[in-house]
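Shown below: my_file09.pdb, with PDB, C-alpha atoms and all ligand atoms.
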```
MODEL        1
ATOM      1  CA  MET A 110      10.418   2.818  45.768
ATOM      2  CA  GLU A 111      11.061   3.668  42.151
ATOM      3  CA  GLN A 112      11.389   0.916  39.577
ATOM      4  CA  SER A 113      12.515   0.882  35.993
ATOM      5  CA  ILE A 114       9.523  -0.040  33.833
ATOM      6  CA  SER A 115       9.727  -0.625  30.090
ATOM      7  CA  PHE A 116       6.863  -0.635  27.635
ATOM      8  CA  SER A 117       6.051   0.460  24.128
ATOM      9  CA  VAL A 118       4.040   3.566  23.358
ATOM     10  CA  ASN A 119       2.855   4.180  19.815
ATOM     11  CA  GLY A 120       5.490   1.789  18.516
ATOM     12  CA  LYS A 121       8.432   3.275  20.419
ATOM     13  CA  SER A 122      10.116   1.654  23.407
ATOM     14  CA  HIS A 123      10.254   3.644  26.626
ATOM     15  CA  THR A 124      11.787   2.972  30.001
ATOM     16  CA  VAL A 125      10.662   5.128  32.904
ATOM     17  CA  ALA A 126      11.961   5.231  36.459
ATOM     18  CA  THR A 127       8.883   5.682  38.601
ATOM     19  CA  GLU A 128       6.805   4.462  41.503
ATOM     20  CA  PRO A 129       5.077   1.321  40.135
ATOM     21  CA  HIS A 130       1.645   2.266  41.475
ATOM     22  CA  ARG A 131       1.594   5.624  39.679
ATOM     23  CA  PRO A 132      -1.319   5.863  37.219
ATOM     24  CA  LEU A 133      -0.340   5.149  33.638
ATOM     25  CA  LEU A 134      -2.223   8.340  32.736
ATOM     26  CA  ASP A 135       0.200  10.456  34.784
ATOM     27  CA  VAL A 136       3.239   8.779  33.285
ATOM     28  CA  LEU A 137       1.949   9.267  29.741
ATOM     29  CA  ARG A 138       1.042  12.902  30.309
ATOM     30  CA  GLU A 139       3.768  14.081  32.658
ATOM     31  CA  ASP A 140       6.786  11.914  31.842
ATOM     32  CA  LEU A 141       6.248  11.227  28.146
ATOM     33  CA  GLY A 142       4.437  14.446  27.213
ATOM     34  CA  LEU A 143       1.465  12.628  25.672
ATOM     35  CA  ALA A 144      -1.317  14.879  26.888
ATOM     36  CA  GLY A 145      -4.026  13.634  24.520
ATOM     37  CA  CYS A 146      -5.465  11.289  27.129
ATOM     38  CA  LYS A 147      -7.367  13.290  29.735
ATOM     39  CA  PHE A 148      -8.062  13.143  33.444
ATOM     40  CA  GLY A 149     -11.812  13.265  33.999
ATOM     41  CA  CYS A 150     -13.069  11.420  37.063
ATOM     42  CA  GLY A 151     -10.082   9.339  38.119
ATOM     43  CA  GLU A 152     -12.389   6.469  39.071
ATOM     44  CA  ARG A 153     -13.282   4.546  35.902
ATOM     45  CA  GLN A 154     -16.543   6.410  35.379
ATOM     46  CA  CYS A 155     -15.965   8.580  32.304
ATOM     47  CA  GLY A 156     -13.430   7.135  29.849
ATOM     48  CA  ALA A 157     -11.651  10.429  29.152
ATOM     49  CA  CYS A 158      -8.362   8.682  29.955
ATOM     50  CA  THR A 159      -8.880   5.757  27.548
ATOM     51  CA  VAL A 160      -5.784   4.380  25.837
ATOM     52  CA  LEU A 161      -5.271   0.978  24.242
ATOM     53  CA  MET A 162      -3.206  -1.609  26.071
ATOM     54  CA  ASN A 163      -2.364  -4.550  23.827
ATOM     55  CA  GLY A 164      -5.264  -3.343  21.700
ATOM     56  CA  ARG A 165      -7.869  -3.192  24.453
ATOM     57  CA  PRO A 166      -9.472   0.044  25.686
ATOM     58  CA  THR A 167      -8.032   0.724  29.127
ATOM     59  CA  PHE A 168      -8.756   3.409  31.696
ATOM     60  CA  SER A 169      -5.272   4.773  32.256
ATOM     61  CA  CYS A 170      -6.359   6.771  35.335
ATOM     62  CA  VAL A 171      -6.788   3.600  37.380
ATOM     63  CA  THR A 172      -4.124   1.473  35.723
ATOM     64  CA  PRO A 173      -0.839   1.366  37.616
ATOM     65  CA  VAL A 174       2.076   1.921  35.280
ATOM     66  CA  SER A 175       3.528  -1.403  36.456
ATOM     67  CA  ARG A 176       0.668  -3.094  34.554
ATOM     68  CA  ALA A 177       2.020  -1.630  31.313
ATOM     69  CA  LYS A 178       5.329  -3.457  31.706
ATOM     70  CA  ASP A 179       6.298  -5.156  28.424
ATOM     71  CA  ARG A 180       2.967  -4.214  26.927
ATOM     72  CA  LYS A 181       1.980  -2.192  23.914
ATOM     73  CA  ILE A 182       0.244   1.124  24.647
ATOM     74  CA  GLU A 183      -1.451   3.226  21.994
ATOM     75  CA  THR A 184      -2.597   6.798  22.504
ATOM     76  CA  ILE A 185      -4.364   9.299  20.284
ATOM     77  CA  GLU A 186      -0.969  10.726  19.292
ATOM     78  CA  GLY A 187      -0.077   7.442  17.577
ATOM     79  CA  ILE A 188      -3.073   6.688  15.401
ATOM     80  CA  SER A 189      -2.625   9.177  12.566
ATOM     81  CA  ASP A 190      -0.462   8.151   9.652
ATOM     82  CA  GLY A 191       2.149  10.853   9.216
ATOM     83  CA  GLY A 192       0.113  13.959   8.423
ATOM     84  CA  LYS A 193      -2.994  11.945   7.577
ATOM     85  CA  LEU A 194      -5.702  11.662  10.204
ATOM     86  CA  HIS A 195      -7.015   8.242  11.190
ATOM     87  CA  PRO A 196     -10.415   7.494   9.550
ATOM     88  CA  VAL A 197     -12.125   7.784  12.962
ATOM     89  CA  GLN A 198     -10.550  11.208  13.535
ATOM     90  CA  GLU A 199     -11.736  12.240  10.065
ATOM     91  CA  THR A 200     -15.320  11.182  10.641
ATOM     92  CA  PHE A 201     -15.485  12.806  14.089
ATOM     93  CA  LEU A 202     -14.655  16.051  12.301
ATOM     94  CA  THR A 203     -17.029  15.416   9.402
ATOM     95  CA  GLU A 204     -19.922  14.604  11.731
ATOM     96  CA  GLY A 205     -19.074  17.397  14.184
ATOM     97  CA  ALA A 206     -18.960  14.747  16.919
ATOM     98  CA  LEU A 207     -17.553  17.020  19.605
ATOM     99  CA  GLN A 208     -18.236  20.246  21.426
ATOM    100  CA  CYS A 209     -15.693  20.921  24.185
ATOM    101  CA  GLY A 210     -13.597  17.958  23.025
ATOM    102  CA  TYR A 211     -12.733  16.713  26.495
ATOM    103  CA  CYS A 212     -14.126  13.227  25.930
ATOM    104  CA  THR A 213     -13.044  13.026  22.305
ATOM    105  CA  THR A 214      -9.686  11.308  22.498
ATOM    106  CA  GLY A 215     -11.085   8.605  24.762
ATOM    107  CA  MET A 216     -14.091   8.154  22.463
ATOM    108  CA  ILE A 217     -11.856   7.849  19.422
ATOM    109  CA  MET A 218      -9.594   5.260  21.055
ATOM    110  CA  ALA A 219     -12.627   3.193  22.104
ATOM    111  CA  ALA A 220     -13.961   3.414  18.538
ATOM    112  CA  VAL A 221     -10.622   2.413  17.013
ATOM    113  CA  ALA A 222     -10.513  -0.693  19.210
ATOM    114  CA  LEU A 223     -14.075  -1.582  18.225
ATOM    115  CA  LEU A 224     -13.512  -1.197  14.492
ATOM    116  CA  ARG A 225     -10.331  -3.241  14.537
ATOM    117  CA  GLU A 226     -12.159  -6.077  16.217
ATOM    118  CA  LYS A 227     -15.480  -5.676  14.470
ATOM    119  CA  PRO A 228     -15.110  -3.826  11.164
ATOM    120  CA  ARG A 229     -18.842  -3.595  10.426
ATOM    121  CA  PRO A 230     -20.641  -3.010  13.721
ATOM    122  CA  ASP A 231     -24.330  -2.168  13.834
ATOM    123  CA  MET A 232     -25.608   0.740  15.931
ATOM    124  CA  GLU A 233     -26.313  -1.494  18.909
ATOM    125  CA  GLU A 234     -22.759  -2.841  18.848
ATOM    126  CA  ILE A 235     -21.389   0.699  18.586
ATOM    127  CA  ARG A 236     -23.529   1.800  21.539
ATOM    128  CA  GLU A 237     -22.398  -1.192  23.557
ATOM    129  CA  ALA A 238     -18.705  -0.644  22.790
ATOM    130  CA  MET A 239     -18.819   3.057  23.605
ATOM    131  CA  ASN A 240     -20.987   2.932  26.699
ATOM    132  CA  ARG A 241     -18.098   3.233  29.160
ATOM    133  CA  ASN A 242     -17.240   6.646  27.695
ATOM    134  CA  ILE A 243     -19.234   9.660  28.830
ATOM    135  CA  CYS A 244     -19.763  12.893  26.905
ATOM    136  CA  ARG A 245     -20.896  15.700  29.166
ATOM    137  CA  CYS A 246     -21.826  17.764  26.112
ATOM    138  CA  GLY A 247     -24.267  15.082  24.980
ATOM    139  CA  THR A 248     -22.927  14.552  21.456
ATOM    140  CA  TYR A 249     -23.710  10.829  21.550
ATOM    141  CA  LEU A 250     -25.754  10.688  18.353
ATOM    142  CA  ARG A 251     -23.054  12.409  16.367
ATOM    143  CA  ILE A 252     -20.389  10.195  17.922
ATOM    144  CA  MET A 253     -22.304   7.097  16.915
ATOM    145  CA  ARG A 254     -22.788   8.408  13.403
ATOM    146  CA  ALA A 255     -19.061   9.180  13.205
ATOM    147  CA  VAL A 256     -18.153   5.634  14.200
ATOM    148  CA  GLU A 257     -20.648   4.178  11.741
ATOM    149  CA  ARG A 258     -19.274   6.401   8.986
ATOM    150  CA  ALA A 259     -15.669   5.424   9.798
ATOM    151  CA  ALA A 260     -16.645   1.767   9.486
ATOM    152  CA  LYS A 261     -18.105   2.436   6.038
ATOM    153  CA  ALA A 262     -15.141   4.595   5.001
ATOM    154  CA  SER A 263     -12.627   1.932   5.934
ATOM    155  CA  ASP A 264     -14.668  -0.593   3.973
ATOM    156  CA  GLY A 265     -14.396  -3.479   6.324
ATOM    157  CA  GLY A 266     -10.916  -3.040   7.716
ATOM    158  CA  LEU A 267      -8.790  -0.371   9.356
ATOM    159  CA  SER A 268      -5.168  -0.365   8.292
ATOM    160  CA  LYS A 269      -4.178   0.962  11.722
TER     161      LYS A 269
HETATM  162  S1  LIG B 301     -10.554   9.735  34.100
HETATM  163 FE1  LIG B 301     -10.325   7.617  33.833
HETATM  164  S2  LIG B 301     -12.343   6.841  33.724
HETATM  165 FE2  LIG B 301     -12.594   8.984  34.116
HETATM  166  S1  LIG B 302     -17.570  16.952  23.617
HETATM  167 FE1  LIG B 302     -17.567  17.829  25.625
HETATM  168  S2  LIG B 302     -17.520  16.094  26.929
HETATM  169 FE2  LIG B 302     -17.826  15.255  24.969
ENDMDL
END
```
Can the structure in the file be given as structure tokens, please?
Ligand code: FES
Ligand code: FES
Amino acid sequence: MEQSISFSVNGKSHTVATEPHRPLLDVLREDLGLAGCKFGCGERQCGACTVLMNGRPTFSCVTPVSRAKDRKIETIEGISDGGKLHPVQETFLTEGALQCGYCTTGMIMAAVALLREKPRPDMEEIREAMNRNICRCGTYLRIMRAVERAAKASDGGLSK
């Protein structure tokens, strides 16, 4: 049976009428039109669907929307600042850290969460934080360099 579920997405309040067990990923993509998060495996194996829930990287494919109730969700659509890309988006472009781009939004959200919590991670900490996200194109080295570069660019603290 449908329920009314309220939560915040990228700083805006939303209330959706939906089955509570529906994946958050489907609600974001289909009901709210936020198609940046991707469906990859649907079983917490790839990270393509990563969004932040109360600041923590979360696989939205296996998260029932009911879990988002009264929580704060962030997606790739919300991290730029007006027309200005987020530092992690910038460095992914600078380092060429993508090929097909399917994993990219999930990678960027995982990196944003890491850098907020740990502004100056070493390579091992970056590897550890990103290891739940898979890139089928094998751009891992470039991704790690992009995250390292974003940490340096933001000089010890992301504003967002
Ligand atoms: S689609 Fe969610 S972990 Fe792969
Ligand atoms: S760039 Fe293609 S899956 Fe990562």
Picked residues, the PyMOL selection byres (((chain A and resi 259) around 8) and not hetatm), as a list in words: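 Selected by the PyMOL selection byres (((chain A and resi 259) around 8) and not hetatm) in this file: Pro196, Val197, Glu199, Thr200, Ala255, Val256, Glu257, Arg258, Ala260, Lys261, Ala262 and Ser263 of chain A.
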Considering only C-alpha atoms, return as an MDAnalysis selection string whatever protein or nucleic-acid residues lie within 8 Å of Arg180 of chain A, sequence-local ones (same chain, fewer than 5 positions apart) excluded. chainID A and resid 116:117 162:163
As AutoDock Vina command-line options, please: the centre and edge lengths in Å, to one decimal, of an axis-aligned box enclosing every listed atom of ligand LIG 302 (chain B) with 6 Å added on each side.
```
--center_x -17.7 --center_y 16.5 --center_z 25.3 --size_x 12.3 --size_y 14.6 --size_z 15.3
```
Quick one: residues within 12 Å of (-20.4, -0.2, 25.8) (file frame), counting only C-alpha atoms, please, as an NGL selection string. :A and (155-156 or 166 or 216 or 219-220 or 222-223 or 232-243 or 253)
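A distance cut-off of 8 Å from ligand LIG 301 (chain B), applied to all atoms listed in the file, picks out the residues Lys147, Phe148, Gly149, Cys150, Gly151, Glu152, Arg153, Gln154, Cys155, Gly156, Ala157, Cys158, Thr159, Phe168, Ser169, Cys170, Val171 and Asn242 of chain A.
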For each of A:Leu202, A:Cys209, A:Gln112, A:Thr184, take the minimum atom-to-atom distance to Thr124 of chain A, counting all atoms listed in the file, then give the residue where this is smallest.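 Once distances to Thr124 of chain A are computed over all atoms listed in the file, the minimum belongs to A:Gln112.
Using only C-alpha atoms and all ligand atoms, we find that the residues with an atom at most 8 Å from any atom of ligand LIG 302 (chain B) are Ala206, Leu207, Gln208, Cys209, Gly210, Tyr211, Cys212, Thr213, Ile243, Cys244, Arg245, Cys246, Gly247 and Thr248 of chain A.
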Separation of atom CA of Thr172 of chain A from atom CA of Tyr249 of chain A, in Å and rounded to one decimal: 25.9 Å
I need every residue sitting at most 8 Å from the point (8.1, 5.8, 38.4) (coordinates as in the file, only C-alpha atoms considered), written as a PDB file with C-alpha atoms, in the coordinates of the input.
```pdb
ATOM      1  CA  GLU A 111      11.061   3.668  42.151  1.00  0.00           C
ATOM      2  CA  GLN A 112      11.389   0.916  39.577  1.00  0.00           C
ATOM      3  CA  SER A 113      12.515   0.882  35.993  1.00  0.00           C
ATOM      4  CA  ILE A 114       9.523  -0.040  33.833  1.00  0.00           C
ATOM      5  CA  VAL A 125      10.662   5.128  32.904  1.00  0.00           C
ATOM      6  CA  ALA A 126      11.961   5.231  36.459  1.00  0.00           C
ATOM      7  CA  THR A 127       8.883   5.682  38.601  1.00  0.00           C
ATOM      8  CA  GLU A 128       6.805   4.462  41.503  1.00  0.00           C
ATOM      9  CA  PRO A 129       5.077   1.321  40.135  1.00  0.00           C
ATOM     10  CA  HIS A 130       1.645   2.266  41.475  1.00  0.00           C
ATOM     11  CA  ARG A 131       1.594   5.624  39.679  1.00  0.00           C
ATOM     12  CA  VAL A 136       3.239   8.779  33.285  1.00  0.00           C
ATOM     13  CA  VAL A 174       2.076   1.921  35.280  1.00  0.00           C
TER      14      VAL A 174
END
```
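A straight line drawn from atom CA of Ile252 of chain A to atom CA of Arg229 of chain A is 15.8 Å long.
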Which one of A:Val160, A:Arg225, A:Gly120, A:Lys193 sits closest to Ala144 of chain A if you count only C-alpha atoms?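 That would be A:Val160, the residue with the smallest distance to Ala144 of chain A.
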Of the listed residues A:Val221, A:Arg251, A:Lys181, A:Leu141, that which approaches Gln198 of chain A most closely, counting all atoms listed in the file: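 Nearest to Gln198 of chain A: A:Val221.
For segment 185-188 of chain A, the set of protein, DNA and RNA residues having any atom at most 7 Å away, when counting all atoms listed in the file and skipping those fewer than 3 positions along the same chain, is A:Asn119, A:Gly145, A:His195, A:Thr214, A:Met218, A:Lys269.
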Calculate how many Å separate atom CA of Pro132 of chain A from atom CA of Cys146 of chain A, rounding to one decimal.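 So the answer is 12.2 Å.
Distance annotation: of A:Glu226, A:Asp264, A:Asp190, A:Asp231, the residue with the minimal separation from Arg165 of chain A is A:Glu226; atom set is all atoms listed in the file.
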Counting all atoms listed in the file, closest pick from A:Lys121, A:Ile217, A:Arg254, A:Glu204 relative to Ser189 of chain A is A:Ile217
